[in-house]
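**Q** You'll find final.txt just under this line, and it carries compact mmCIF, C-alpha atoms and all ligand atoms.
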# COMPACT_ATOMS: atom_id res chain seq x y z
CA MET A 10 -3.03 -32.48 -3.60
CA ALA A 11 -1.76 -28.96 -3.24
CA PRO A 12 -1.37 -27.79 0.35
CA LYS A 13 -4.06 -25.42 1.57
CA VAL A 14 -3.14 -21.74 1.75
CA THR A 15 -3.87 -20.69 5.29
CA TYR A 16 -2.68 -17.08 5.23
CA PRO A 17 -5.11 -14.40 4.06
CA GLN A 18 -4.25 -13.12 0.60
CA ARG A 19 -4.60 -9.48 -0.39
CA MET A 20 -4.11 -7.70 -3.67
CA CYS A 21 -1.47 -5.03 -4.22
CA VAL A 22 -3.13 -1.93 -5.76
CA ALA A 23 -0.12 -1.29 -8.00
CA CYS A 24 0.72 -4.66 -9.60
CA ARG A 25 -2.62 -6.38 -8.78
CA GLU A 26 -0.87 -9.52 -7.71
CA ARG A 27 -1.91 -11.37 -4.60
CA PHE A 28 0.34 -11.74 -1.59
CA GLU A 29 0.07 -12.81 2.00
CA GLN A 30 -1.47 -9.99 3.95
CA ARG A 31 1.40 -9.92 6.45
CA SER A 32 3.94 -9.22 3.69
CA LEU A 33 2.09 -6.16 2.40
CA LEU A 34 2.17 -2.53 3.42
CA ARG A 35 -1.33 -1.53 4.55
CA LEU A 36 -2.35 2.03 3.81
CA GLN A 37 -5.40 4.21 3.89
CA CYS A 38 -6.60 7.56 2.68
CA LYS A 39 -8.55 10.03 4.73
CA GLN A 40 -9.61 13.29 3.14
CA GLN A 41 -6.95 12.62 0.48
CA GLN A 42 -4.27 12.26 3.15
CA LEU A 43 -2.17 9.15 2.73
CA LEU A 44 -1.65 7.33 6.03
CA SER A 45 -0.53 3.98 7.30
CA PHE A 46 -3.57 1.97 8.34
CA SER A 47 -4.88 3.08 11.73
CA GLY A 48 -7.22 0.16 12.43
CA SER A 49 -10.48 1.47 11.02
CA GLY A 50 -11.93 2.59 7.73
CA ARG A 51 -11.13 1.54 4.21
CA SER A 52 -7.63 0.39 3.47
CA PHE A 53 -5.57 -0.91 0.60
CA TYR A 54 -2.27 -2.70 0.15
CA LEU A 55 1.03 -2.19 -1.57
CA CYS A 56 3.63 -4.92 -1.93
CA TYR A 57 7.22 -4.14 -1.08
CA GLU A 58 8.35 -4.64 -4.67
CA CYS A 59 5.99 -1.84 -5.72
CA THR A 60 7.02 0.50 -2.90
CA LYS A 61 10.47 0.41 -4.48
CA ASN A 62 9.00 1.45 -7.82
CA GLU A 63 8.14 5.04 -7.02
CA LYS A 64 6.31 5.92 -10.23
CA LYS A 65 4.23 2.79 -10.25
CA ALA A 66 3.38 3.10 -6.56
CA THR A 67 2.48 6.77 -6.83
CA ARG A 68 0.14 6.18 -9.76
CA ALA A 69 -1.62 3.43 -7.85
CA LEU A 70 -1.90 5.66 -4.79
CA ALA A 71 -3.38 8.45 -6.88
CA ARG A 72 -6.09 6.04 -8.01
CA ALA A 73 -6.71 4.69 -4.52
CA CYS A 74 -6.80 8.16 -2.93
CA LYS A 75 -8.55 9.87 -5.84
CA SER A 76 -5.85 12.50 -5.60
CA GLY A 77 -3.71 13.91 -8.37
CA ASP A 78 -1.05 15.32 -6.08
CA MET A 79 1.82 13.03 -7.08
CA ASN A 80 4.47 14.99 -5.19
CA TYR A 81 2.56 14.76 -1.95
CA LEU A 82 1.79 11.06 -2.45
CA SER A 83 5.36 10.02 -3.19
CA THR A 84 6.74 12.08 -0.29
CA GLN A 85 4.15 10.70 2.08
CA LEU A 86 4.74 7.13 0.92
CA LYS A 87 8.46 7.48 1.62
CA GLU A 88 7.72 8.76 5.13
CA ILE A 89 5.37 5.89 5.85
CA ILE A 90 7.93 3.34 4.64
CA THR A 91 10.61 4.95 6.83
CA ASP A 92 8.29 4.81 9.85
CA VAL A 93 7.41 1.17 9.21
CA ARG A 94 11.09 0.21 9.06
CA LYS A 95 11.85 2.05 12.31
CA SER A 96 9.18 0.25 14.29
ZN ZN A 101 2.77 -4.74 -6.08
Rewrite the structure of this file - the entire thing - as C-alpha cells.

**A**
Amino acid sequence: MAPKVTYPQRMCVACRERFEQRSLLRLQCKQQQLLSFSGSGRSFYLCYECTKNEKKATRALARACKSGDMNYLSTQLKEIITDVRKS
C-alpha cells in the first residue's frame, strides 16, 4: 500500500505539474497587477523550477492575469521572488 499523501497538492500554472502547496509560490492578480497572495481573492501557483524559467513563467502569468504586458509581469515576478526570499 502506498502511503497516503497528507499535504495539499496544487498545480503550477506554468508546467501544470502538481506539488505540495507549501513548496509553491502563491500569487494573485488584481486589476492586472501581479501580487503575492494577500489572503483573499483568487490565486494561482508557480513552482520554484518555473520561477527560474523567466519566459515560461511570464507566459503563464500572462494567461493567469489576462495581461499581455510581459515586461511588467517579468519585472514584477522578480520583485515578488526577491521579497519572498528576504522574509
Ligand atoms: Zn512549474

**Q** Given the choices A:Ser52, A:Cys59, A:Ser32, A:Thr15, which gets closest to ligand ZN 101 (chain A) if the distance is worked out from only C-alpha atoms and all ligand atoms?

**A**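 The closest residue to ligand ZN 101 (chain A) is A:Cys59.
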
**Q** Can you pull out every residue with an atom within 10 Å of ligand ZN 101 (chain A)? Use only C-alpha atoms and all ligand atoms and format it as a PyMOL selection string.

**A** chain A and resi 20-28+33-34+54-62+65-66+69

**Q** Tell me which of A:Leu36, A:Lys75, A:Leu70, A:Glu63 sits closest to A:Lys87, counting all atoms listed in the file.

**A**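 Using all atoms listed in the file, A:Lys87 sits closest to A:Glu63.
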
**Q** Enter the distance from atom CA of A:Ser45 to atom CA of A:Val93, in Å, rounded to one decimal.

**A**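 Atom CA of A:Val93 lies at a distance of 8.6 Å from atom CA of A:Ser45.
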
**Q** Find the distance between atom CA of A:Pro17 and atom CA of A:Gln30 and write it in Å to one decimal.

**A**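 The value is 5.7 Å.
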
**Q** Nearest to A:Gly77 among A:Gln37, A:Gln42, A:Ser49, A:Gln18, with distances taken over only C-alpha atoms: which residue is it?

**A** A:Gln42

**Q** Counting only C-alpha atoms, what is within 10 Å of A:Leu44, bar same-chain residues fewer than 4 positions away, as a PyMOL selection string?

**A** chain A and resi 35-39+52+82+85-86+88-89

**Q** Please report the interatomic distance between atom CA of A:Phe46 and atom CA of A:Asn80 in Å with one decimal.

**A**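 The value is 20.4 Å.
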
**Q** With only C-alpha atoms as the atoms that count, which of A:Leu43, A:Arg68, A:Ala11, A:Glu29 lies nearest to A:Thr84?

**A**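 Once distances to A:Thr84 are computed over only C-alpha atoms, the minimum belongs to A:Leu43.
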
**Q** Could stretch 56-91 of chain A be completed with N, CA and C atoms and returned as a PDB file, keeping the file's coordinate frame?

**A**
ATOM      1  N   CYS A  56       2.575  -3.964  -2.221  1.00  0.00           N
ATOM      2  CA  CYS A  56       3.630  -4.920  -1.930  1.00  0.00           C
ATOM      3  C   CYS A  56       4.970  -4.186  -1.866  1.00  0.00           C
ATOM      4  N   TYR A  57       5.946  -4.824  -1.268  1.00  0.00           N
ATOM      5  CA  TYR A  57       7.220  -4.140  -1.080  1.00  0.00           C
ATOM      6  C   TYR A  57       7.971  -3.938  -2.392  1.00  0.00           C
ATOM      7  N   GLU A  58       7.758  -4.846  -3.342  1.00  0.00           N
ATOM      8  CA  GLU A  58       8.350  -4.640  -4.670  1.00  0.00           C
ATOM      9  C   GLU A  58       7.869  -3.312  -5.249  1.00  0.00           C
ATOM     10  N   CYS A  59       6.565  -3.055  -5.128  1.00  0.00           N
ATOM     11  CA  CYS A  59       5.990  -1.840  -5.720  1.00  0.00           C
ATOM     12  C   CYS A  59       6.370  -0.585  -4.930  1.00  0.00           C
ATOM     13  N   THR A  60       6.593  -0.697  -3.639  1.00  0.00           N
ATOM     14  CA  THR A  60       7.020   0.500  -2.900  1.00  0.00           C
ATOM     15  C   THR A  60       8.385   0.956  -3.381  1.00  0.00           C
ATOM     16  N   LYS A  61       9.155   0.034  -3.955  1.00  0.00           N
ATOM     17  CA  LYS A  61      10.470   0.410  -4.480  1.00  0.00           C
ATOM     18  C   LYS A  61      10.364   1.061  -5.854  1.00  0.00           C
ATOM     19  N   ASN A  62       9.232   0.858  -6.509  1.00  0.00           N
ATOM     20  CA  ASN A  62       9.000   1.450  -7.820  1.00  0.00           C
ATOM     21  C   ASN A  62       8.144   2.705  -7.644  1.00  0.00           C
ATOM     22  N   GLU A  63       8.818   3.829  -7.453  1.00  0.00           N
ATOM     23  CA  GLU A  63       8.140   5.040  -7.020  1.00  0.00           C
ATOM     24  C   GLU A  63       7.028   5.480  -7.959  1.00  0.00           C
ATOM     25  N   LYS A  64       7.313   5.461  -9.262  1.00  0.00           N
ATOM     26  CA  LYS A  64       6.310   5.920 -10.230  1.00  0.00           C
ATOM     27  C   LYS A  64       5.078   5.039 -10.218  1.00  0.00           C
ATOM     28  N   LYS A  65       5.323   3.752 -10.233  1.00  0.00           N
ATOM     29  CA  LYS A  65       4.230   2.790 -10.250  1.00  0.00           C
ATOM     30  C   LYS A  65       3.395   2.909  -8.977  1.00  0.00           C
ATOM     31  N   ALA A  66       4.073   2.996  -7.834  1.00  0.00           N
ATOM     32  CA  ALA A  66       3.380   3.100  -6.560  1.00  0.00           C
ATOM     33  C   ALA A  66       2.568   4.384  -6.488  1.00  0.00           C
ATOM     34  N   THR A  67       3.160   5.487  -6.925  1.00  0.00           N
ATOM     35  CA  THR A  67       2.480   6.770  -6.830  1.00  0.00           C
ATOM     36  C   THR A  67       1.230   6.816  -7.705  1.00  0.00           C
ATOM     37  N   ARG A  68       1.337   6.234  -8.895  1.00  0.00           N
ATOM     38  CA  ARG A  68       0.140   6.180  -9.760  1.00  0.00           C
ATOM     39  C   ARG A  68      -0.976   5.384  -9.118  1.00  0.00           C
ATOM     40  N   ALA A  69      -0.619   4.267  -8.509  1.00  0.00           N
ATOM     41  CA  ALA A  69      -1.620   3.430  -7.850  1.00  0.00           C
ATOM     42  C   ALA A  69      -2.236   4.172  -6.656  1.00  0.00           C
ATOM     43  N   LEU A  70      -1.407   4.900  -5.937  1.00  0.00           N
ATOM     44  CA  LEU A  70      -1.900   5.660  -4.790  1.00  0.00           C
ATOM     45  C   LEU A  70      -2.846   6.765  -5.238  1.00  0.00           C
ATOM     46  N   ALA A  71      -2.523   7.394  -6.356  1.00  0.00           N
ATOM     47  CA  ALA A  71      -3.380   8.450  -6.880  1.00  0.00           C
ATOM     48  C   ALA A  71      -4.775   7.904  -7.196  1.00  0.00           C
ATOM     49  N   ARG A  72      -4.799   6.687  -7.750  1.00  0.00           N
ATOM     50  CA  ARG A  72      -6.090   6.040  -8.010  1.00  0.00           C
ATOM     51  C   ARG A  72      -6.811   5.724  -6.707  1.00  0.00           C
ATOM     52  N   ALA A  73      -6.081   5.136  -5.770  1.00  0.00           N
ATOM     53  CA  ALA A  73      -6.710   4.690  -4.520  1.00  0.00           C
ATOM     54  C   ALA A  73      -7.192   5.883  -3.692  1.00  0.00           C
ATOM     55  N   CYS A  74      -6.468   6.976  -3.734  1.00  0.00           N
ATOM     56  CA  CYS A  74      -6.800   8.160  -2.930  1.00  0.00           C
ATOM     57  C   CYS A  74      -7.656   9.160  -3.711  1.00  0.00           C
ATOM     58  N   LYS A  75      -7.858   8.903  -4.989  1.00  0.00           N
ATOM     59  CA  LYS A  75      -8.550   9.870  -5.840  1.00  0.00           C
ATOM     60  C   LYS A  75      -7.923  11.256  -5.713  1.00  0.00           C
ATOM     61  N   SER A  76      -6.601  11.254  -5.711  1.00  0.00           N
ATOM     62  CA  SER A  76      -5.850  12.500  -5.600  1.00  0.00           C
ATOM     63  C   SER A  76      -4.861  12.576  -6.745  1.00  0.00           C
ATOM     64  N   GLY A  77      -4.664  13.758  -7.282  1.00  0.00           N
ATOM     65  CA  GLY A  77      -3.710  13.910  -8.370  1.00  0.00           C
ATOM     66  C   GLY A  77      -2.397  14.518  -7.913  1.00  0.00           C
ATOM     67  N   ASP A  78      -2.246  14.655  -6.598  1.00  0.00           N
ATOM     68  CA  ASP A  78      -1.050  15.320  -6.080  1.00  0.00           C
ATOM     69  C   ASP A  78       0.093  14.323  -5.922  1.00  0.00           C
ATOM     70  N   MET A  79       0.778  14.055  -7.046  1.00  0.00           N
ATOM     71  CA  MET A  79       1.820  13.030  -7.080  1.00  0.00           C
ATOM     72  C   MET A  79       2.987  13.345  -6.142  1.00  0.00           C
ATOM     73  N   ASN A  80       3.351  14.622  -6.058  1.00  0.00           N
ATOM     74  CA  ASN A  80       4.470  14.990  -5.190  1.00  0.00           C
ATOM     75  C   ASN A  80       4.163  14.657  -3.738  1.00  0.00           C
ATOM     76  N   TYR A  81       2.969  15.064  -3.317  1.00  0.00           N
ATOM     77  CA  TYR A  81       2.560  14.760  -1.950  1.00  0.00           C
ATOM     78  C   TYR A  81       2.545  13.256  -1.708  1.00  0.00           C
ATOM     79  N   LEU A  82       1.941  12.508  -2.634  1.00  0.00           N
ATOM     80  CA  LEU A  82       1.790  11.060  -2.450  1.00  0.00           C
ATOM     81  C   LEU A  82       3.134  10.361  -2.361  1.00  0.00           C
ATOM     82  N   SER A  83       4.072  10.727  -3.235  1.00  0.00           N
ATOM     83  CA  SER A  83       5.360  10.020  -3.190  1.00  0.00           C
ATOM     84  C   SER A  83       6.152  10.400  -1.944  1.00  0.00           C
ATOM     85  N   THR A  84       6.061  11.665  -1.524  1.00  0.00           N
ATOM     86  CA  THR A  84       6.740  12.080  -0.290  1.00  0.00           C
ATOM     87  C   THR A  84       6.162  11.355   0.913  1.00  0.00           C
ATOM     88  N   GLN A  85       4.834  11.315   0.953  1.00  0.00           N
ATOM     89  CA  GLN A  85       4.150  10.700   2.080  1.00  0.00           C
ATOM     90  C   GLN A  85       4.430   9.190   2.130  1.00  0.00           C
ATOM     91  N   LEU A  86       4.448   8.569   0.971  1.00  0.00           N
ATOM     92  CA  LEU A  86       4.740   7.130   0.920  1.00  0.00           C
ATOM     93  C   LEU A  86       6.131   6.850   1.490  1.00  0.00           C
ATOM     94  N   LYS A  87       7.100   7.677   1.121  1.00  0.00           N
ATOM     95  CA  LYS A  87       8.460   7.480   1.620  1.00  0.00           C
ATOM     96  C   LYS A  87       8.500   7.614   3.137  1.00  0.00           C
ATOM     97  N   GLU A  88       7.747   8.586   3.669  1.00  0.00           N
ATOM     98  CA  GLU A  88       7.720   8.760   5.130  1.00  0.00           C
ATOM     99  C   GLU A  88       7.101   7.556   5.819  1.00  0.00           C
ATOM    100  N   ILE A  89       6.030   7.045   5.252  1.00  0.00           N
ATOM    101  CA  ILE A  89       5.370   5.890   5.850  1.00  0.00           C
ATOM    102  C   ILE A  89       6.308   4.682   5.839  1.00  0.00           C
ATOM    103  N   ILE A  90       7.001   4.481   4.730  1.00  0.00           N
ATOM    104  CA  ILE A  90       7.930   3.340   4.640  1.00  0.00           C
ATOM    105  C   ILE A  90       9.042   3.493   5.679  1.00  0.00           C
ATOM    106  N   THR A  91       9.558   4.707   5.832  1.00  0.00           N
ATOM    107  CA  THR A  91      10.610   4.950   6.830  1.00  0.00           C
ATOM    108  C   THR A  91      10.111   4.639   8.226  1.00  0.00           C
TER     109      THR A  91
END
